[in-house]
Each structure stands twice: as C-alpha cells, then as structure tokens.
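Text of the file query_4.pdb, holding PDB, C-alpha atoms:
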```
MODEL        1
ATOM      1  CA  MET F   1      34.929  26.294  40.402  1.00  0.00           C
ATOM      2  CA  PRO F   2      37.254  28.959  38.992  1.00  0.00           C
ATOM      3  CA  GLY F   3      39.514  28.370  36.043  1.00  0.00           C
ATOM      4  CA  VAL F   4      39.401  27.237  32.467  1.00  0.00           C
ATOM      5  CA  PRO F   5      37.775  23.868  31.750  1.00  0.00           C
ATOM      6  CA  LEU F   6      39.797  20.798  30.915  1.00  0.00           C
ATOM      7  CA  HIS F   7      38.061  18.038  28.945  1.00  0.00           C
ATOM      8  CA  LEU F   8      39.478  14.578  29.677  1.00  0.00           C
ATOM      9  CA  PRO F   9      38.071  11.514  27.878  1.00  0.00           C
ATOM     10  CA  ALA F  10      36.970   8.717  30.211  1.00  0.00           C
ATOM     11  CA  ALA F  11      39.453   6.274  28.637  1.00  0.00           C
ATOM     12  CA  LEU F  12      42.373   8.615  29.366  1.00  0.00           C
ATOM     13  CA  HIS F  13      41.029   9.295  32.857  1.00  0.00           C
ATOM     14  CA  ALA F  14      41.122   5.516  33.441  1.00  0.00           C
ATOM     15  CA  ALA F  15      44.626   5.241  31.938  1.00  0.00           C
ATOM     16  CA  LEU F  16      45.913   8.018  34.197  1.00  0.00           C
ATOM     17  CA  TRP F  17      44.530   6.236  37.277  1.00  0.00           C
ATOM     18  CA  GLN F  18      45.944   2.902  36.093  1.00  0.00           C
ATOM     19  CA  HIS F  19      49.388   4.503  35.750  1.00  0.00           C
ATOM     20  CA  ALA F  20      49.132   6.033  39.232  1.00  0.00           C
ATOM     21  CA  ARG F  21      47.989   2.768  40.828  1.00  0.00           C
ATOM     22  CA  THR F  22      50.791   0.787  39.162  1.00  0.00           C
ATOM     23  CA  HIS F  23      53.249   2.561  41.488  1.00  0.00           C
ATOM     24  CA  PRO F  24      51.240   3.184  44.677  1.00  0.00           C
ATOM     25  CA  HIS F  25      54.267   4.153  46.786  1.00  0.00           C
ATOM     26  CA  HIS F  26      55.909   6.510  44.285  1.00  0.00           C
ATOM     27  CA  GLU F  27      54.714   9.594  42.476  1.00  0.00           C
ATOM     28  CA  VAL F  28      54.106   8.968  38.793  1.00  0.00           C
ATOM     29  CA  VAL F  29      54.278  11.643  36.122  1.00  0.00           C
ATOM     30  CA  GLY F  30      53.010  12.085  32.605  1.00  0.00           C
ATOM     31  CA  ALA F  31      52.138  14.558  29.873  1.00  0.00           C
ATOM     32  CA  LEU F  32      48.813  15.213  28.181  1.00  0.00           C
ATOM     33  CA  GLY F  33      48.617  16.092  24.497  1.00  0.00           C
ATOM     34  CA  GLY F  34      45.639  17.737  22.874  1.00  0.00           C
ATOM     35  CA  VAL F  35      44.254  20.973  21.544  1.00  0.00           C
ATOM     36  CA  GLN F  36      43.049  24.215  23.017  1.00  0.00           C
ATOM     37  CA  HIS F  37      39.706  25.536  21.765  1.00  0.00           C
ATOM     38  CA  GLY F  38      39.316  29.087  22.998  1.00  0.00           C
ATOM     39  CA  GLU F  39      39.661  28.792  26.759  1.00  0.00           C
ATOM     40  CA  THR F  40      39.140  25.024  26.909  1.00  0.00           C
ATOM     41  CA  TRP F  41      41.861  22.376  26.943  1.00  0.00           C
ATOM     42  CA  CYS F  42      40.830  19.107  25.218  1.00  0.00           C
ATOM     43  CA  VAL F  43      43.019  16.096  25.988  1.00  0.00           C
ATOM     44  CA  HIS F  44      43.589  13.581  23.170  1.00  0.00           C
ATOM     45  CA  THR F  45      46.607  11.560  24.326  1.00  0.00           C
ATOM     46  CA  LEU F  46      48.409  10.552  27.513  1.00  0.00           C
ATOM     47  CA  TYR F  47      52.159   9.986  27.760  1.00  0.00           C
ATOM     48  CA  PRO F  48      53.380   8.263  30.961  1.00  0.00           C
ATOM     49  CA  LEU F  49      56.927   9.428  31.736  1.00  0.00           C
ATOM     50  CA  PRO F  50      59.639   7.974  33.982  1.00  0.00           C
ATOM     51  CA  ASN F  51      60.011   9.714  37.356  1.00  0.00           C
ATOM     52  CA  ILE F  52      63.732  10.324  37.941  1.00  0.00           C
ATOM     53  CA  ALA F  53      63.375  12.336  41.170  1.00  0.00           C
ATOM     54  CA  PRO F  54      65.905  11.466  43.892  1.00  0.00           C
ATOM     55  CA  ASP F  55      63.012  10.773  46.302  1.00  0.00           C
ATOM     56  CA  PRO F  56      60.152   9.490  44.099  1.00  0.00           C
ATOM     57  CA  ALA F  57      58.019   8.669  47.140  1.00  0.00           C
ATOM     58  CA  ARG F  58      57.735  12.412  47.851  1.00  0.00           C
ATOM     59  CA  GLU F  59      58.328  14.221  44.537  1.00  0.00           C
ATOM     60  CA  TYR F  60      58.435  13.844  40.796  1.00  0.00           C
ATOM     61  CA  LEU F  61      60.784  14.891  38.048  1.00  0.00           C
ATOM     62  CA  ALA F  62      59.928  13.818  34.518  1.00  0.00           C
ATOM     63  CA  ASP F  63      62.852  12.324  32.617  1.00  0.00           C
ATOM     64  CA  PRO F  64      63.710  15.156  30.180  1.00  0.00           C
ATOM     65  CA  THR F  65      64.576  12.740  27.353  1.00  0.00           C
ATOM     66  CA  TYR F  66      61.156  11.090  27.533  1.00  0.00           C
ATOM     67  CA  LEU F  67      59.386  14.431  27.929  1.00  0.00           C
ATOM     68  CA  LEU F  68      61.119  15.708  24.796  1.00  0.00           C
ATOM     69  CA  ARG F  69      60.049  12.531  22.940  1.00  0.00           C
ATOM     70  CA  ALA F  70      56.449  13.076  24.077  1.00  0.00           C
ATOM     71  CA  LEU F  71      56.534  16.715  22.932  1.00  0.00           C
ATOM     72  CA  LYS F  72      57.925  15.647  19.529  1.00  0.00           C
ATOM     73  CA  ALA F  73      55.207  12.985  19.211  1.00  0.00           C
ATOM     74  CA  MET F  74      52.591  15.621  20.004  1.00  0.00           C
ATOM     75  CA  ARG F  75      54.005  17.936  17.349  1.00  0.00           C
ATOM     76  CA  ALA F  76      53.964  15.096  14.792  1.00  0.00           C
ATOM     77  CA  GLU F  77      50.274  14.550  15.579  1.00  0.00           C
ATOM     78  CA  ARG F  78      49.586  18.326  15.410  1.00  0.00           C
ATOM     79  CA  LEU F  79      48.838  18.397  19.130  1.00  0.00           C
ATOM     80  CA  ASP F  80      50.076  20.651  21.899  1.00  0.00           C
ATOM     81  CA  LEU F  81      50.959  20.081  25.511  1.00  0.00           C
ATOM     82  CA  VAL F  82      47.643  20.678  27.301  1.00  0.00           C
ATOM     83  CA  GLY F  83      48.500  19.323  30.736  1.00  0.00           C
ATOM     84  CA  LEU F  84      50.840  17.453  33.017  1.00  0.00           C
ATOM     85  CA  TYR F  85      49.832  14.976  35.671  1.00  0.00           C
ATOM     86  CA  HIS F  86      51.381  13.359  38.697  1.00  0.00           C
ATOM     87  CA  SER F  87      50.223  11.407  41.700  1.00  0.00           C
ATOM     88  CA  HIS F  88      50.347  11.994  45.420  1.00  0.00           C
ATOM     89  CA  PRO F  89      50.446   8.499  46.965  1.00  0.00           C
ATOM     90  CA  ARG F  90      49.473   9.773  50.418  1.00  0.00           C
ATOM     91  CA  GLY F  91      47.523  12.856  49.331  1.00  0.00           C
ATOM     92  CA  PRO F  92      46.496  15.576  49.303  1.00  0.00           C
ATOM     93  CA  ASP F  93      44.791  16.401  45.999  1.00  0.00           C
ATOM     94  CA  ARG F  94      46.246  19.907  45.886  1.00  0.00           C
ATOM     95  CA  PRO F  95      49.708  21.190  44.914  1.00  0.00           C
ATOM     96  CA  SER F  96      52.595  20.875  47.322  1.00  0.00           C
ATOM     97  CA  ARG F  97      55.122  23.670  47.763  1.00  0.00           C
ATOM     98  CA  THR F  98      57.511  21.692  45.552  1.00  0.00           C
ATOM     99  CA  ASP F  99      54.837  21.324  42.837  1.00  0.00           C
ATOM    100  CA  THR F 100      54.255  25.063  42.880  1.00  0.00           C
ATOM    101  CA  ARG F 101      57.938  25.962  42.957  1.00  0.00           C
ATOM    102  CA  LEU F 102      58.876  23.687  40.045  1.00  0.00           C
ATOM    103  CA  ALA F 103      55.938  24.471  37.739  1.00  0.00           C
ATOM    104  CA  ALA F 104      57.363  25.333  34.338  1.00  0.00           C
ATOM    105  CA  TYR F 105      54.457  25.158  31.869  1.00  0.00           C
ATOM    106  CA  ASP F 106      51.367  27.310  31.431  1.00  0.00           C
ATOM    107  CA  VAL F 107      48.991  24.330  31.329  1.00  0.00           C
ATOM    108  CA  PRO F 108      46.850  22.564  33.925  1.00  0.00           C
ATOM    109  CA  TYR F 109      48.652  20.277  36.354  1.00  0.00           C
ATOM    110  CA  LEU F 110      46.510  17.298  37.349  1.00  0.00           C
ATOM    111  CA  ILE F 111      47.061  15.697  40.744  1.00  0.00           C
ATOM    112  CA  ALA F 112      45.811  12.175  41.448  1.00  0.00           C
ATOM    113  CA  ASP F 113      45.396  11.666  45.195  1.00  0.00           C
ATOM    114  CA  LEU F 114      45.695   7.898  45.662  1.00  0.00           C
ATOM    115  CA  ARG F 115      44.628   7.959  49.292  1.00  0.00           C
ATOM    116  CA  GLY F 116      41.514  10.058  48.694  1.00  0.00           C
ATOM    117  CA  GLY F 117      40.757   8.761  45.196  1.00  0.00           C
ATOM    118  CA  THR F 118      40.361  12.251  43.737  1.00  0.00           C
ATOM    119  CA  LEU F 119      41.771  13.929  40.643  1.00  0.00           C
ATOM    120  CA  ARG F 120      41.980  17.713  40.509  1.00  0.00           C
ATOM    121  CA  ALA F 121      43.635  20.189  38.139  1.00  0.00           C
ATOM    122  CA  TYR F 122      45.413  23.475  38.839  1.00  0.00           C
ATOM    123  CA  LEU F 123      47.193  26.274  37.041  1.00  0.00           C
ATOM    124  CA  LEU F 124      50.561  26.701  38.751  1.00  0.00           C
ATOM    125  CA  PRO F 125      52.245  28.470  40.405  1.00  0.00           C
ATOM    126  CA  GLU F 126      49.062  30.341  41.388  1.00  0.00           C
ATOM    127  CA  ALA F 127      47.356  27.067  42.451  1.00  0.00           C
ATOM    128  CA  GLN F 128      44.161  28.230  40.727  1.00  0.00           C
ATOM    129  CA  GLU F 129      41.835  25.241  40.390  1.00  0.00           C
ATOM    130  CA  VAL F 130      40.722  24.337  36.867  1.00  0.00           C
ATOM    131  CA  ALA F 131      37.313  22.804  36.208  1.00  0.00           C
ATOM    132  CA  MET F 132      37.681  19.317  34.783  1.00  0.00           C
ATOM    133  CA  HIS F 133      35.087  17.425  32.758  1.00  0.00           C
ATOM    134  CA  ILE F 134      35.388  13.674  32.191  1.00  0.00           C
ATOM    135  CA  MET F 135      33.969  13.016  28.718  1.00  0.00           C
ATOM    136  CA  ASP F 136      32.250   9.755  27.751  1.00  0.00           C
ATOM    137  CA  GLY F 137      33.094   9.977  24.059  1.00  0.00           C
ATOM    138  CA  PRO F 138      35.337  11.850  21.670  1.00  0.00           C
ATOM    139  CA  GLU F 139      34.929  15.607  21.346  1.00  0.00           C
TER     140      GLU F 139
ENDMDL
END
```
Can I see the file as structure tokens?
Amino acid sequence: MPGVPLHLPAALHAALWQHARTHPHHEVVGALGGVQHGETWCVHTLYPLPNIAPDPAREYLADPTYLLRALKAMRAERLDLVGLYHSHPRGPDRPSRTDTRLAAYDVPYLIADLRGGTLRAYLLPEAQEVAMHIMDGPE
C-alpha cells in the first residue's frame, strides 16, 4: 500500500467509529491531533466536530469555530493536526470528487464507510492511499 503510515490507537479507532455510527444518515467530521515522527503520523487525540454542510447526508463541512478550538487545544497540548476524518454513510471508502476538491490540509484524510464497514486514509487531492496501523497500546 503506497503512502506514509498512520498509527491510530485502537481506542481512538473505536471512538471514530462510534462517532460515525451515532449519525448513520449524515456524514460526520472530526480532527486528529498527534505528532509526526519522520514520515509517520501518530494520532493521540480525536476531536469530533459539528458538520454544518447544507446537505450533511452527502457532504461535510467542519464548523470553523470548532475546528479552530480543536487546533488551539492541540497547540496547548504540543500536538499538531495529523489527520481529518469523515464518514460516508452509503460508501464508498474512497474520496469523492467533493472530498478531493475541498481538501485543504496536507495530512491524511480518513474515510469511514458505514455501509462497507471499512476505514481508509488518503492524502488529498492526489487520493494517494496511506497505510494505516491500528495500535493496541500507546506508542
């Protein structure tokens, strides 16, 4: 699998899925805080964010106020933005044209496909898949 590895603790993996399943008919969105070691992103925190998109069943738009709060919280904890996540209630587990067009950060974008039950990560807008490792314990 091409790309730079992303290390996601099992507890945060579960929290991401819980967030996605809480709103099964709407896309959810959130930010991931952590550190980058060389070419590896290590996730330490998860920040669910409100989706303020006009059509949340088909797209997401993180509330900028809450995203800014999450970024400030990361900075206070000496963490960086290491990923963003959102769900696709009806699939697929790959980026849509809208996802690609609106990508604004140079971090992995994780997509939780509720229909297929898969979670995959990509660098956007290139849609280059990023290897993801679910970690049992802390790094």
task = List the residues matched by the PyMOL selection byres ((chain F and resi 116) around 8) in the displayed structure as a PyMOL selection string, ordered by chain and then by residue number.
result = chain F and resi 91-93+113-115+117-118
task = Provide the atom CA of F:Ala131 to atom CA of F:Glu39 distance in Å, to one decimal place.
result =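 Spanning atom CA of F:Ala131 to atom CA of F:Glu39 is a straight-line distance of 11.4 Å.
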ask   = What does the PyMOL selection byres ((chain F and resi 84) around 6) select in this file, as a VMD selection string?
value = chain F and resid 30 to 32 83 85 109
task = I would like the residues chosen by the PyMOL selection byres ((chain F and resi 100) around 9) on the shown file; could you give them as a VMD selection string?
result = chain F and resid 95 to 99 101 to 103 124 to 127
message = From the options F:Asp55, F:Asp136, F:Glu129, F:Asp80, which residue's atoms come nearest to F:Ala10, counting all atoms listed in the file?
response =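 Looking at the shortest contact to F:Ala10, the residue is F:Asp136.
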Could the centre and edge lengths of an axis-aligned box, enclosing all atoms of stretch 71-76 of chain F in the file with 5 Å extra on each side, be given in Å to one decimal as JSON?
```
{"center_x": 55.3, "center_y": 15.5, "center_z": 18.9, "size_x": 15.3, "size_y": 15.0, "size_z": 18.1}
```
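Once F:His25 and its same-chain neighbours fewer than 2 positions away are set aside, Ala20, Arg21, Thr22, His23, Glu27, Val28, Pro56, Ala57, Arg58, Ser87, His88, Pro89, Arg90 and Leu114 of chain F remain within 10 Å of it when counting only C-alpha atoms.
When atom CA of F:Tyr122 is paired with atom CA of F:Pro5, their separation reads 10.4 Å.
If you measure from each of F:Val130, F:Met135, F:Val82, F:Ala112 to F:Gln36 using only C-alpha atoms, the closest one turns out to be F:Val82.
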task = Name all residues at most 7 Å from F:Gly33 (count only C-alpha atoms; drop same-chain ones fewer than 3 positions away) and give them as a list in words.
result =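 My list of contacting residues is Val43, His44, Thr45, Leu46, Met74, Leu79, Asp80, Leu81 and Val82 of chain F.
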Can I get the selected residues back with C-alpha atoms, as a CSV table (one decimal), in the frame of the given file?
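Written out: result_34.csv:
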```
chain,number,residue,atom,x,y,z
F,43,VAL,CA,43.0,16.1,26.0
F,44,HIS,CA,43.6,13.6,23.2
F,45,THR,CA,46.6,11.6,24.3
F,46,LEU,CA,48.4,10.6,27.5
F,74,MET,CA,52.6,15.6,20.0
F,79,LEU,CA,48.8,18.4,19.1
F,80,ASP,CA,50.1,20.7,21.9
F,81,LEU,CA,51.0,20.1,25.5
F,82,VAL,CA,47.6,20.7,27.3
```
ask   = Which one is closest to F:Ala76: F:Gly34, F:Met132, F:His26, F:Ala121? Count all atoms listed in the file.
value =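 Once distances to F:Ala76 are computed over all atoms listed in the file, the minimum belongs to F:Gly34.
The gap separating atom CA of F:Cys42 from atom CA of F:Asp106 is 14.7 Å, in Å to one decimal.
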ask   = What would the list of residues within 6 Å of (35.3, 19.6, 28.1) (file frame) look like as a list in words, if all atoms listed in the file are what count?
value = Leu6, His7 and His133 of chain F
Would you write out those residues with C-alpha atoms, as a PDB file, keeping the file's coordinate frame?
```
ATOM      1  CA  LEU F   6      39.797  20.798  30.915  1.00  0.00           C
ATOM      2  CA  HIS F   7      38.061  18.038  28.945  1.00  0.00           C
ATOM      3  CA  HIS F 133      35.087  17.425  32.758  1.00  0.00           C
TER       4      HIS F 133
END
```
task = Identify which of the residues F:Pro54, F:Pro9, F:Val29, F:Tyr60 lies closest to F:Trp41, counting all atoms listed in the file when measuring atom-to-atom distances.
result =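 Smallest separation from F:Trp41 among the options: F:Pro9.
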key: Pick from F:Val35, F:Leu49, F:Ala15, F:Ile111 nearest to F:Glu77, counting only C-alpha atoms   =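 Of the candidates, the smallest distance to F:Glu77 is held by F:Val35.
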For stretch 59-108 of chain F of the block above, can you save N, CA and C atoms as a PDB file, in the first residue's frame?
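Result written to decode_8.pdb:
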```pdb
ATOM      1  N   GLU F  59     -22.384  15.406   2.166  1.00  0.00           N
ATOM      2  CA  GLU F  59     -21.107  16.118   2.243  1.00  0.00           C
ATOM      3  C   GLU F  59     -20.860  16.580   3.671  1.00  0.00           C
ATOM      4  N   TYR F  60     -19.631  17.001   3.912  1.00  0.00           N
ATOM      5  CA  TYR F  60     -19.312  17.532   5.231  1.00  0.00           C
ATOM      6  C   TYR F  60     -18.608  18.867   5.100  1.00  0.00           C
ATOM      7  N   LEU F  61     -18.786  19.675   6.130  1.00  0.00           N
ATOM      8  CA  LEU F  61     -18.074  20.930   6.272  1.00  0.00           C
ATOM      9  C   LEU F  61     -17.920  21.145   7.771  1.00  0.00           C
ATOM     10  N   ALA F  62     -16.699  21.049   8.260  1.00  0.00           N
ATOM     11  CA  ALA F  62     -16.456  21.229   9.684  1.00  0.00           C
ATOM     12  C   ALA F  62     -16.757  22.669  10.077  1.00  0.00           C
ATOM     13  N   ASP F  63     -17.447  22.828  11.194  1.00  0.00           N
ATOM     14  CA  ASP F  63     -17.723  24.161  11.731  1.00  0.00           C
ATOM     15  C   ASP F  63     -16.374  24.828  12.019  1.00  0.00           C
ATOM     16  N   PRO F  64     -16.074  25.958  11.370  1.00  0.00           N
ATOM     17  CA  PRO F  64     -14.753  26.577  11.527  1.00  0.00           C
ATOM     18  C   PRO F  64     -14.448  27.006  12.964  1.00  0.00           C
ATOM     19  N   THR F  65     -15.452  27.404  13.722  1.00  0.00           N
ATOM     20  CA  THR F  65     -15.231  27.793  15.115  1.00  0.00           C
ATOM     21  C   THR F  65     -14.736  26.608  15.929  1.00  0.00           C
ATOM     22  N   TYR F  66     -15.367  25.453  15.748  1.00  0.00           N
ATOM     23  CA  TYR F  66     -14.972  24.259  16.491  1.00  0.00           C
ATOM     24  C   TYR F  66     -13.638  23.708  15.998  1.00  0.00           C
ATOM     25  N   LEU F  67     -13.375  23.829  14.702  1.00  0.00           N
ATOM     26  CA  LEU F  67     -12.079  23.399  14.180  1.00  0.00           C
ATOM     27  C   LEU F  67     -10.965  24.259  14.771  1.00  0.00           C
ATOM     28  N   LEU F  68     -11.182  25.558  14.833  1.00  0.00           N
ATOM     29  CA  LEU F  68     -10.190  26.454  15.423  1.00  0.00           C
ATOM     30  C   LEU F  68      -9.962  26.097  16.896  1.00  0.00           C
ATOM     31  N   ARG F  69     -11.032  25.799  17.625  1.00  0.00           N
ATOM     32  CA  ARG F  69     -10.890  25.385  19.036  1.00  0.00           C
ATOM     33  C   ARG F  69     -10.060  24.109  19.137  1.00  0.00           C
ATOM     34  N   ALA F  70     -10.314  23.155  18.248  1.00  0.00           N
ATOM     35  CA  ALA F  70      -9.557  21.895  18.264  1.00  0.00           C
ATOM     36  C   ALA F  70      -8.083  22.161  17.974  1.00  0.00           C
ATOM     37  N   LEU F  71      -7.795  23.019  17.001  1.00  0.00           N
ATOM     38  CA  LEU F  71      -6.410  23.344  16.665  1.00  0.00           C
ATOM     39  C   LEU F  71      -5.706  24.043  17.831  1.00  0.00           C
ATOM     40  N   LYS F  72      -6.426  24.924  18.537  1.00  0.00           N
ATOM     41  CA  LYS F  72      -5.855  25.592  19.713  1.00  0.00           C
ATOM     42  C   LYS F  72      -5.606  24.585  20.828  1.00  0.00           C
ATOM     43  N   ALA F  73      -6.525  23.646  21.027  1.00  0.00           N
ATOM     44  CA  ALA F  73      -6.332  22.610  22.048  1.00  0.00           C
ATOM     45  C   ALA F  73      -5.121  21.753  21.712  1.00  0.00           C
ATOM     46  N   MET F  74      -4.956  21.433  20.445  1.00  0.00           N
ATOM     47  CA  MET F  74      -3.781  20.665  20.015  1.00  0.00           C
ATOM     48  C   MET F  74      -2.512  21.433  20.343  1.00  0.00           C
ATOM     49  N   ARG F  75      -2.488  22.709  20.005  1.00  0.00           N
ATOM     50  CA  ARG F  75      -1.295  23.523  20.252  1.00  0.00           C
ATOM     51  C   ARG F  75      -0.981  23.572  21.750  1.00  0.00           C
ATOM     52  N   ALA F  76      -2.020  23.688  22.582  1.00  0.00           N
ATOM     53  CA  ALA F  76      -1.820  23.722  24.032  1.00  0.00           C
ATOM     54  C   ALA F  76      -1.235  22.410  24.545  1.00  0.00           C
ATOM     55  N   GLU F  77      -1.531  21.316  23.870  1.00  0.00           N
ATOM     56  CA  GLU F  77      -1.012  20.003  24.258  1.00  0.00           C
ATOM     57  C   GLU F  77       0.279  19.644  23.505  1.00  0.00           C
ATOM     58  N   ARG F  78       0.809  20.627  22.754  1.00  0.00           N
ATOM     59  CA  ARG F  78       2.023  20.430  21.942  1.00  0.00           C
ATOM     60  C   ARG F  78       1.828  19.319  20.895  1.00  0.00           C
ATOM     61  N   LEU F  79       0.641  19.317  20.312  1.00  0.00           N
ATOM     62  CA  LEU F  79       0.310  18.376  19.250  1.00  0.00           C
ATOM     63  C   LEU F  79       0.060  19.156  17.966  1.00  0.00           C
ATOM     64  N   ASP F  80       0.078  18.436  16.871  1.00  0.00           N
ATOM     65  CA  ASP F  80      -0.223  19.010  15.563  1.00  0.00           C
ATOM     66  C   ASP F  80      -1.436  18.312  14.967  1.00  0.00           C
ATOM     67  N   LEU F  81      -2.011  18.942  13.970  1.00  0.00           N
ATOM     68  CA  LEU F  81      -3.046  18.281  13.185  1.00  0.00           C
ATOM     69  C   LEU F  81      -2.366  17.183  12.373  1.00  0.00           C
ATOM     70  N   VAL F  82      -2.775  15.925  12.599  1.00  0.00           N
ATOM     71  CA  VAL F  82      -2.169  14.810  11.865  1.00  0.00           C
ATOM     72  C   VAL F  82      -3.198  14.070  11.008  1.00  0.00           C
ATOM     73  N   GLY F  83      -4.430  14.553  10.988  1.00  0.00           N
ATOM     74  CA  GLY F  83      -5.429  13.922  10.145  1.00  0.00           C
ATOM     75  C   GLY F  83      -6.795  14.543  10.340  1.00  0.00           C
ATOM     76  N   LEU F  84      -7.638  14.289   9.378  1.00  0.00           N
ATOM     77  CA  LEU F  84      -9.053  14.656   9.439  1.00  0.00           C
ATOM     78  C   LEU F  84      -9.834  13.406   9.069  1.00  0.00           C
ATOM     79  N   TYR F  85     -11.019  13.272   9.619  1.00  0.00           N
ATOM     80  CA  TYR F  85     -11.831  12.117   9.264  1.00  0.00           C
ATOM     81  C   TYR F  85     -13.253  12.553   8.960  1.00  0.00           C
ATOM     82  N   HIS F  86     -13.914  11.761   8.160  1.00  0.00           N
ATOM     83  CA  HIS F  86     -15.348  11.931   7.936  1.00  0.00           C
ATOM     84  C   HIS F  86     -15.923  10.587   7.509  1.00  0.00           C
ATOM     85  N   SER F  87     -17.234  10.516   7.529  1.00  0.00           N
ATOM     86  CA  SER F  87     -17.889   9.261   7.171  1.00  0.00           C
ATOM     87  C   SER F  87     -18.607   9.394   5.839  1.00  0.00           C
ATOM     88  N   HIS F  88     -18.778   8.251   5.208  1.00  0.00           N
ATOM     89  CA  HIS F  88     -19.628   8.115   4.031  1.00  0.00           C
ATOM     90  C   HIS F  88     -20.720   7.127   4.420  1.00  0.00           C
ATOM     91  N   PRO F  89     -21.918   7.618   4.750  1.00  0.00           N
ATOM     92  CA  PRO F  89     -22.982   6.716   5.218  1.00  0.00           C
ATOM     93  C   PRO F  89     -23.336   5.598   4.233  1.00  0.00           C
ATOM     94  N   ARG F  90     -23.250   5.876   2.951  1.00  0.00           N
ATOM     95  CA  ARG F  90     -23.606   4.873   1.946  1.00  0.00           C
ATOM     96  C   ARG F  90     -22.391   4.437   1.130  1.00  0.00           C
ATOM     97  N   GLY F  91     -21.187   4.708   1.649  1.00  0.00           N
ATOM     98  CA  GLY F  91     -19.979   4.348   0.917  1.00  0.00           C
ATOM     99  C   GLY F  91     -19.705   5.354  -0.171  1.00  0.00           C
ATOM    100  N   PRO F  92     -18.657   5.153  -0.891  1.00  0.00           N
ATOM    101  CA  PRO F  92     -17.610   4.147  -0.757  1.00  0.00           C
ATOM    102  C   PRO F  92     -16.544   4.592   0.237  1.00  0.00           C
ATOM    103  N   ASP F  93     -15.495   3.784   0.386  1.00  0.00           N
ATOM    104  CA  ASP F  93     -14.420   4.095   1.323  1.00  0.00           C
ATOM    105  C   ASP F  93     -13.261   4.826   0.637  1.00  0.00           C
ATOM    106  N   ARG F  94     -13.564   5.540  -0.404  1.00  0.00           N
ATOM    107  CA  ARG F  94     -12.552   6.335  -1.109  1.00  0.00           C
ATOM    108  C   ARG F  94     -13.091   7.761  -1.304  1.00  0.00           C
ATOM    109  N   PRO F  95     -12.222   8.709  -1.580  1.00  0.00           N
ATOM    110  CA  PRO F  95     -12.641  10.112  -1.663  1.00  0.00           C
ATOM    111  C   PRO F  95     -13.607  10.376  -2.813  1.00  0.00           C
ATOM    112  N   SER F  96     -14.584  11.209  -2.522  1.00  0.00           N
ATOM    113  CA  SER F  96     -15.494  11.686  -3.565  1.00  0.00           C
ATOM    114  C   SER F  96     -14.835  12.865  -4.274  1.00  0.00           C
ATOM    115  N   ARG F  97     -15.432  13.306  -5.358  1.00  0.00           N
ATOM    116  CA  ARG F  97     -14.909  14.487  -6.056  1.00  0.00           C
ATOM    117  C   ARG F  97     -14.935  15.706  -5.142  1.00  0.00           C
ATOM    118  N   THR F  98     -16.001  15.812  -4.328  1.00  0.00           N
ATOM    119  CA  THR F  98     -16.102  16.936  -3.395  1.00  0.00           C
ATOM    120  C   THR F  98     -14.993  16.859  -2.354  1.00  0.00           C
ATOM    121  N   ASP F  99     -14.733  15.658  -1.814  1.00  0.00           N
ATOM    122  CA  ASP F  99     -13.647  15.492  -0.836  1.00  0.00           C
ATOM    123  C   ASP F  99     -12.330  15.980  -1.421  1.00  0.00           C
ATOM    124  N   THR F 100     -12.053  15.572  -2.632  1.00  0.00           N
ATOM    125  CA  THR F 100     -10.804  15.924  -3.296  1.00  0.00           C
ATOM    126  C   THR F 100     -10.724  17.422  -3.570  1.00  0.00           C
ATOM    127  N   ARG F 101     -11.815  17.982  -4.038  1.00  0.00           N
ATOM    128  CA  ARG F 101     -11.849  19.400  -4.391  1.00  0.00           C
ATOM    129  C   ARG F 101     -11.672  20.303  -3.169  1.00  0.00           C
ATOM    130  N   LEU F 102     -12.233  19.897  -2.026  1.00  0.00           N
ATOM    131  CA  LEU F 102     -12.213  20.749  -0.843  1.00  0.00           C
ATOM    132  C   LEU F 102     -11.052  20.482   0.112  1.00  0.00           C
ATOM    133  N   ALA F 103     -10.193  19.535  -0.209  1.00  0.00           N
ATOM    134  CA  ALA F 103      -9.068  19.212   0.676  1.00  0.00           C
ATOM    135  C   ALA F 103      -8.187  20.441   0.873  1.00  0.00           C
ATOM    136  N   ALA F 104      -7.918  20.771   2.143  1.00  0.00           N
ATOM    137  CA  ALA F 104      -7.181  21.989   2.431  1.00  0.00           C
ATOM    138  C   ALA F 104      -5.926  21.763   3.273  1.00  0.00           C
ATOM    139  N   TYR F 105      -5.751  20.564   3.807  1.00  0.00           N
ATOM    140  CA  TYR F 105      -4.628  20.295   4.707  1.00  0.00           C
ATOM    141  C   TYR F 105      -3.763  19.172   4.153  1.00  0.00           C
ATOM    142  N   ASP F 106      -2.480  19.260   4.433  1.00  0.00           N
ATOM    143  CA  ASP F 106      -1.512  18.269   3.959  1.00  0.00           C
ATOM    144  C   ASP F 106      -1.337  17.172   5.008  1.00  0.00           C
ATOM    145  N   VAL F 107      -2.451  16.519   5.330  1.00  0.00           N
ATOM    146  CA  VAL F 107      -2.484  15.426   6.306  1.00  0.00           C
ATOM    147  C   VAL F 107      -3.390  14.328   5.741  1.00  0.00           C
ATOM    148  N   PRO F 108      -3.318  13.129   6.298  1.00  0.00           N
ATOM    149  CA  PRO F 108      -4.231  12.086   5.833  1.00  0.00           C
ATOM    150  C   PRO F 108      -5.695  12.426   6.142  1.00  0.00           C
TER     151      PRO F 108
END
```
